[in-house]
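*Asks:* Take this structure first; my questions come after.
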Amino acid sequence: MRGVRGWSFFAVVLLASCAREVADTQIETEEDRRIFAGAEERIEKYRKGDMTLELVDAEGRALEAGVKVVIEQVRHEFLFGSTIFALGEWETAEENQRYEELFSGLLNYATLPFYWWRYEVERGAPRYEQTEEYVRWCKANNITCKGHPLASNGTDSDWFTDQTPIVDLQVAAVADRVRRFKGDIHIWDVVNEMAGYDIPRQWKAAPRFTAAIEEIGVGEFVRRCFAAAREADPEATLIINDYILDARYEDVIEALIDEDGEAMFDAIGMQSHQHGRAYSAAKTWEMCQRFSRFGKPLHFTETTFVSGKLAWPPDMAGKEWPSTPEGEKRQAEYAARFYTLVFSHPQVEAITWWAFSAGRHNARALLNPDATGKPAYYELKRLIKEKWWTKTEATVGEGGKVQFRGFFGDYKVVATVGGEKLSGTFKLGKKEVRSATVRLERRVYAD
């Protein structure tokens with residue numbers, strides 16, 4: 001059992017069978033302190049860059065030296081996300097409005113549901129309309145969409161029979177979803193939780209699907225799914241995702257890499273549900289380093305901390321438990337520490353909080369049952385939209401030149417010339433050229 005090294009056999013059995021509340025203790029080693037102490041320096045190094053702007057007016061003439069400008073970030077390049085499953089599902093208009101404002105006020109990345117057994121309850125009748133609603137809202141709020149998951153044996157569909165060609169239909173469904181939303185959804189968790197596809201829980205929940213994967217082999221199954229997704233949208237970002245982060249997952253990843261070292265995936269997804277004790281800094285860093293060896297970006301696809309009591313096994317915690325003041329304080333502290341550490345790792349490009357809101361009593365969510373934010377929401381907002389956010393003033397030099405250093409993302413620059421406000425936009429990207437000519441024109445941008 002994971003996380004119980006050094007405990008007596010009796011203690012392991014007791015915890016596994018009773019799921020008792022655990023003590024909220026964190027053993028911080030010197031290694032933990034060393035890793036976390038370097039986070040701010042790494043963030044400065046890996047998440048920010050120097051930028052030179054040449055500001056010109058609508059006719060292409062350089063702004064005069066001495067003009068004051070305001071440079072402000074409007075979006076992160078790094079993807080900070082959550083699930084958006086509850087969009088439009090609240091009881092009142094006020095709650096729906098609060099939900100939308102809190103989501104768009106913090107995040108630039110949304111996970112949309114594509115669980116096959118829910119998405120296609122009736123064979124041949126996928127729920128496209130709901131997805132289209134999600135996409136419309138995300139586009140209107142400049143939020144990047146991700147589909148999750150295209151393929152998973154989480155549950156057998158009710159219409160499965162012993163004669164159903166499950167693998168063929170699943171592969172066809174992968175291609176259908178990606179092709180249908182090409183241009184709207186560019187990022188996909190293609191295959192989910194295959195490292196433990198054959199554990200007893202899966203045989204119980206999805207006996208037919210699990211047997212079908214067993215018959216052709218998990219390697220062949222994941223390759224077929226990724227090949228279908230790639231053919232449907234060659235430009236999409238395709239992710240392999242799992243909660244089992246040991247050698248079994250590495251084996252699944254290896255199955256997607258050919259003899260020439262070419263990978264069928266574009267990023268590696270790592271779930272990080274911390275319903276019991278939070279990961280130590282050393283454990284988090286070791287996970288990032290271990291999966292960095294594949295040379296692909298890392299996405300923390302499912303991250304949670306609970307705002308209620310803690311328990312073991314961790315997957316039993318927080319499902320129906322109410323929040324407590326002590327738990328909410330701890331959730332906020334753990335979230336801030338984890339996000340800071342993950343944001344400081346150069347290979348990580350995204351982190352998704354799992355369950356922005358969920359149920360009337362769910363300690364894993366960032367929102368309360370009345371669609372108001374928990375302390376963890378506001379602690380993350382302090383980091384994402386304040387501490388890791390650039391807004392600065394500068395003075396134009398000769399030739400309309402301005403230099404500054406900021407976090408990677410999208411920006412606007414505003415200058416007042418002759419009593420008029422002129423503005424323009426540009427990108428400061430991790431992989432982009434660090435200079436740009438920005439044409440300033442009469443525009444209106446929302447604050």
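Scheme for the structure tokens: letters A, B, ... for chains in order shown; per-chain residue numbers from 1; ligand numbers from 1 in order shown.
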Neighbours of Arg382 (chain A) within 12 Å (only C-alpha atoms; same-chain residues fewer than 6 positions away dropped), as a list in words?
*Replies:*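 Result of the neighbour search: Gly105, Leu106, Ala332, Ala335, Ala336, Tyr339, Thr340, Pro375, Ala376, Trp388 and Trp389 of chain A.
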*Asks:* Ala86 (chain A): which residues within 12 Å, counting only C-alpha atoms, same-chain residues fewer than 6 positions away excluded, as a PDB file with C-alpha atoms, in the first residue's frame?
*Replies:*
ATOM      1  CA  GLU A  95     -25.325  31.357  -8.004  1.00  0.00           C
ATOM      2  CA  ASN A  96     -24.712  30.722 -11.690  1.00  0.00           C
ATOM      3  CA  GLN A  97     -23.375  34.242 -12.107  1.00  0.00           C
ATOM      4  CA  ARG A  98     -21.067  33.888  -9.094  1.00  0.00           C
ATOM      5  CA  TYR A  99     -19.784  30.567 -10.418  1.00  0.00           C
ATOM      6  CA  GLU A 100     -18.943  32.112 -13.792  1.00  0.00           C
ATOM      7  CA  PHE A 103     -14.075  30.692 -12.545  1.00  0.00           C
ATOM      8  CA  ALA A 110     -11.237  24.366 -18.301  1.00  0.00           C
ATOM      9  CA  THR A 111     -11.661  20.593 -18.297  1.00  0.00           C
ATOM     10  CA  LEU A 112     -14.782  19.455 -20.188  1.00  0.00           C
ATOM     11  CA  PRO A 113     -16.307  15.985 -19.545  1.00  0.00           C
ATOM     12  CA  GLN A 130     -23.693  20.243 -23.757  1.00  0.00           C
ATOM     13  CA  GLU A 133     -22.417  25.208 -24.493  1.00  0.00           C
ATOM     14  CA  TYR A 134     -19.184  24.766 -22.549  1.00  0.00           C
ATOM     15  CA  ALA A 355     -13.778  19.785  -8.712  1.00  0.00           C
ATOM     16  CA  PHE A 356     -14.100  23.555  -8.814  1.00  0.00           C
ATOM     17  CA  SER A 357     -17.445  22.839  -7.188  1.00  0.00           C
ATOM     18  CA  ALA A 358     -19.140  19.537  -6.450  1.00  0.00           C
ATOM     19  CA  GLY A 359     -22.135  18.547  -4.360  1.00  0.00           C
ATOM     20  CA  ALA A 365     -14.042  21.689  -4.050  1.00  0.00           C
ATOM     21  CA  LEU A 367     -16.296  26.648  -3.907  1.00  0.00           C
ATOM     22  CA  PRO A 369     -22.320  24.897  -1.748  1.00  0.00           C
ATOM     23  CA  ALA A 371     -21.121  29.168  -5.078  1.00  0.00           C
TER      24      ALA A 371
END
*Asks:* Report as a PyMOL selection string all protein, DNA and RNA residues lying within 10 Å of Ala255 (chain A), evaluated on only C-alpha atoms, omitting residues in the same chain fewer than 4 positions from it.
*Replies:* chain A and resi 218-223+249-251+263-264
*Asks:* Skipping near chain neighbours, those fewer than 6 positions away, what residues fall within 10 Å of Phe181 (chain A) using only C-alpha atoms, listed as a PyMOL selection string?
*Replies:* chain A and resi 128+131-132+135+147+232-233
*Asks:* Fewer than 2 positions away in the same chain doesn't count, so skip those; otherwise give me all residues within 8 Å of Ala350 (chain A), counting only C-alpha atoms, as a PyMOL selection string.
*Replies:* chain A and resi 78-81+298-301+348+352
*Asks:* Deliver the residues from the most recent selection as a file, using N, CA and C atoms, as an mmCIF file, in the first residue's frame.
*Replies:*
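Resulting contents of again.cif:
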data_model
loop_
_atom_site.group_PDB
_atom_site.id
_atom_site.type_symbol
_atom_site.label_atom_id
_atom_site.label_comp_id
_atom_site.auth_asym_id
_atom_site.auth_seq_id
_atom_site.Cartn_x
_atom_site.Cartn_y
_atom_site.Cartn_z
ATOM 1 N N PHE A 78 1.079 29.971 -18.744
ATOM 2 C CA PHE A 78 0.888 28.756 -17.944
ATOM 3 C C PHE A 78 -0.612 28.513 -17.796
ATOM 4 N N LEU A 79 -1.014 27.248 -17.846
ATOM 5 C CA LEU A 79 -2.428 26.907 -17.775
ATOM 6 C C LEU A 79 -2.836 26.585 -16.338
ATOM 7 N N PHE A 80 -3.649 27.468 -15.765
ATOM 8 C CA PHE A 80 -4.233 27.247 -14.450
ATOM 9 C C PHE A 80 -5.703 26.903 -14.660
ATOM 10 N N GLY A 81 -6.103 25.680 -14.301
ATOM 11 C CA GLY A 81 -7.443 25.251 -14.661
ATOM 12 C C GLY A 81 -8.225 24.552 -13.579
ATOM 13 N N LEU A 298 4.877 18.430 -18.572
ATOM 14 C CA LEU A 298 4.101 17.751 -17.543
ATOM 15 C C LEU A 298 2.860 18.579 -17.221
ATOM 16 N N HIS A 299 1.725 17.896 -17.093
ATOM 17 C CA HIS A 299 0.479 18.536 -16.687
ATOM 18 C C HIS A 299 -0.013 17.864 -15.410
ATOM 19 N N PHE A 300 -0.210 18.641 -14.340
ATOM 20 C CA PHE A 300 -0.889 18.110 -13.164
ATOM 21 C C PHE A 300 -2.387 18.225 -13.453
ATOM 22 N N THR A 301 -2.991 17.108 -13.812
ATOM 23 C CA THR A 301 -4.331 17.104 -14.389
ATOM 24 C C THR A 301 -5.456 17.074 -13.369
ATOM 25 N N VAL A 348 6.819 21.710 -16.034
ATOM 26 C CA VAL A 348 5.365 21.724 -15.828
ATOM 27 C C VAL A 348 4.753 22.891 -16.595
ATOM 28 N N THR A 352 -4.428 21.595 -12.898
ATOM 29 C CA THR A 352 -5.883 21.634 -12.839
ATOM 30 C C THR A 352 -6.365 21.197 -11.471
#
*Asks:* If you measure from CA of Gln73 (chain A) to CA of Leu341 (chain A), what distance in Å do you get, rounded to one decimal?
*Replies:* 22.0 Å
*Asks:* Pick out each residue of region 359-421 of chain A that DSSP on the backbone tags as alpha helix (DSSP H); I need them as a ChimeraX atom specification.
*Replies:* /A:375-382
*Asks:* One number please: CA of Phe36 (chain A) to CA of Ser344 (chain A), in Å, one decimal.
*Replies:*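 Between these atoms lies a distance of 9.2 Å.
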*Asks:* Write down as a ChimeraX atom specification the residues belonging to region 26-127 of chain A that are assigned strand (DSSP E or B) by DSSP computed on the backbone.
*Replies:* /A:48-56,62,68-76,79-83,109-113
*Asks:* Quick one: write out the picked residues with N, CA and C atoms as a short mmCIF file (atom, residue, chain, number, x, y, z; two decimals), in the first residue's frame?
*Replies:*
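Output file again23.cif follows:
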data_model
loop_
_atom_site.label_atom_id
_atom_site.label_comp_id
_atom_site.auth_asym_id
_atom_site.auth_seq_id
_atom_site.Cartn_x
_atom_site.Cartn_y
_atom_site.Cartn_z
N LYS A 48 9.47 33.90 -16.08
CA LYS A 48 9.52 35.29 -16.48
C LYS A 48 10.58 35.50 -17.55
N GLY A 49 10.45 36.61 -18.27
CA GLY A 49 11.43 36.92 -19.30
C GLY A 49 11.54 38.41 -19.51
N ASP A 50 12.65 38.82 -20.10
CA ASP A 50 12.88 40.22 -20.46
C ASP A 50 12.28 40.48 -21.83
N MET A 51 11.67 41.65 -21.98
CA MET A 51 10.99 41.98 -23.23
C MET A 51 11.34 43.39 -23.67
N THR A 52 11.58 43.56 -24.96
CA THR A 52 11.82 44.88 -25.55
C THR A 52 10.69 45.18 -26.52
N LEU A 53 10.03 46.31 -26.31
CA LEU A 53 8.94 46.74 -27.18
C LEU A 53 9.36 47.96 -27.98
N GLU A 54 8.94 48.00 -29.21
CA GLU A 54 9.05 49.21 -30.02
C GLU A 54 7.63 49.70 -30.26
N LEU A 55 7.26 50.79 -29.63
CA LEU A 55 5.90 51.29 -29.67
C LEU A 55 5.75 52.31 -30.79
N VAL A 56 4.77 52.08 -31.65
CA VAL A 56 4.52 52.99 -32.77
C VAL A 56 3.05 53.38 -32.77
N ALA A 62 7.32 56.01 -34.46
CA ALA A 62 7.73 55.68 -33.09
C ALA A 62 7.20 56.72 -32.11
N LYS A 68 4.78 58.20 -20.93
CA LYS A 68 4.56 57.18 -19.91
C LYS A 68 3.59 56.12 -20.43
N VAL A 69 3.90 54.86 -20.16
CA VAL A 69 3.02 53.76 -20.58
C VAL A 69 2.76 52.83 -19.41
N VAL A 70 1.62 52.16 -19.47
CA VAL A 70 1.28 51.12 -18.50
C VAL A 70 1.25 49.79 -19.23
N ILE A 71 2.02 48.84 -18.73
CA ILE A 71 2.10 47.50 -19.31
C ILE A 71 1.45 46.54 -18.33
N GLU A 72 0.42 45.82 -18.79
CA GLU A 72 -0.33 44.96 -17.88
C GLU A 72 -0.62 43.60 -18.51
N GLN A 73 -0.36 42.58 -17.74
CA GLN A 73 -0.66 41.21 -18.17
C GLN A 73 -2.17 41.02 -18.17
N VAL A 74 -2.69 40.30 -19.16
CA VAL A 74 -4.12 40.01 -19.22
C VAL A 74 -4.40 38.51 -19.20
N ARG A 75 -3.35 37.70 -19.35
CA ARG A 75 -3.55 36.24 -19.33
C ARG A 75 -2.22 35.56 -19.11
N HIS A 76 -2.23 34.47 -18.35
CA HIS A 76 -1.03 33.65 -18.17
C HIS A 76 -0.81 32.75 -19.37
N LEU A 79 -1.01 27.25 -17.85
CA LEU A 79 -2.43 26.91 -17.78
C LEU A 79 -2.84 26.58 -16.34
N PHE A 80 -3.65 27.47 -15.76
CA PHE A 80 -4.23 27.25 -14.45
C PHE A 80 -5.70 26.90 -14.66
N GLY A 81 -6.10 25.68 -14.30
CA GLY A 81 -7.44 25.25 -14.66
C GLY A 81 -8.22 24.55 -13.58
N SER A 82 -9.44 24.16 -13.96
CA SER A 82 -10.30 23.34 -13.11
C SER A 82 -11.39 22.72 -13.98
N THR A 83 -12.17 21.84 -13.38
CA THR A 83 -13.32 21.27 -14.08
C THR A 83 -14.42 22.31 -14.16
N TYR A 109 -8.21 27.94 -18.04
CA TYR A 109 -8.14 26.57 -18.57
C TYR A 109 -9.28 25.79 -17.96
N ALA A 110 -10.07 25.10 -18.79
CA ALA A 110 -11.24 24.37 -18.30
C ALA A 110 -11.24 22.94 -18.81
N THR A 111 -11.53 22.00 -17.93
CA THR A 111 -11.66 20.59 -18.30
C THR A 111 -13.13 20.28 -18.56
N LEU A 112 -13.42 19.80 -19.77
CA LEU A 112 -14.78 19.46 -20.19
C LEU A 112 -14.96 17.94 -20.15
N PRO A 113 -16.13 17.44 -19.72
CA PRO A 113 -16.31 15.98 -19.55
C PRO A 113 -16.60 15.25 -20.85
#
*Asks:* CA of Tyr378 (chain A) and CA of Ile143 (chain A), how far apart in Å?
*Replies:*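 Interatomic distance, CA of Ile143 (chain A) to CA of Tyr378 (chain A): 19.2 Å.
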*Asks:* So, with only C-alpha atoms as the atoms that count, which of A:Asn142, A:Thr372, A:Thr395, A:Gln274 lies closest to Leu102 (chain A)?
*Replies:*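 Nearest candidate to Leu102 (chain A) out of A:Asn142, A:Thr372, A:Thr395, A:Gln274: A:Thr372.
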*Asks:* Measuring atom to atom with only C-alpha atoms, identify which of A:Leu150, A:Ala415, A:Ile43, A:Ile216 is nearest to Arg118 (chain A).
*Replies:* A:Leu150
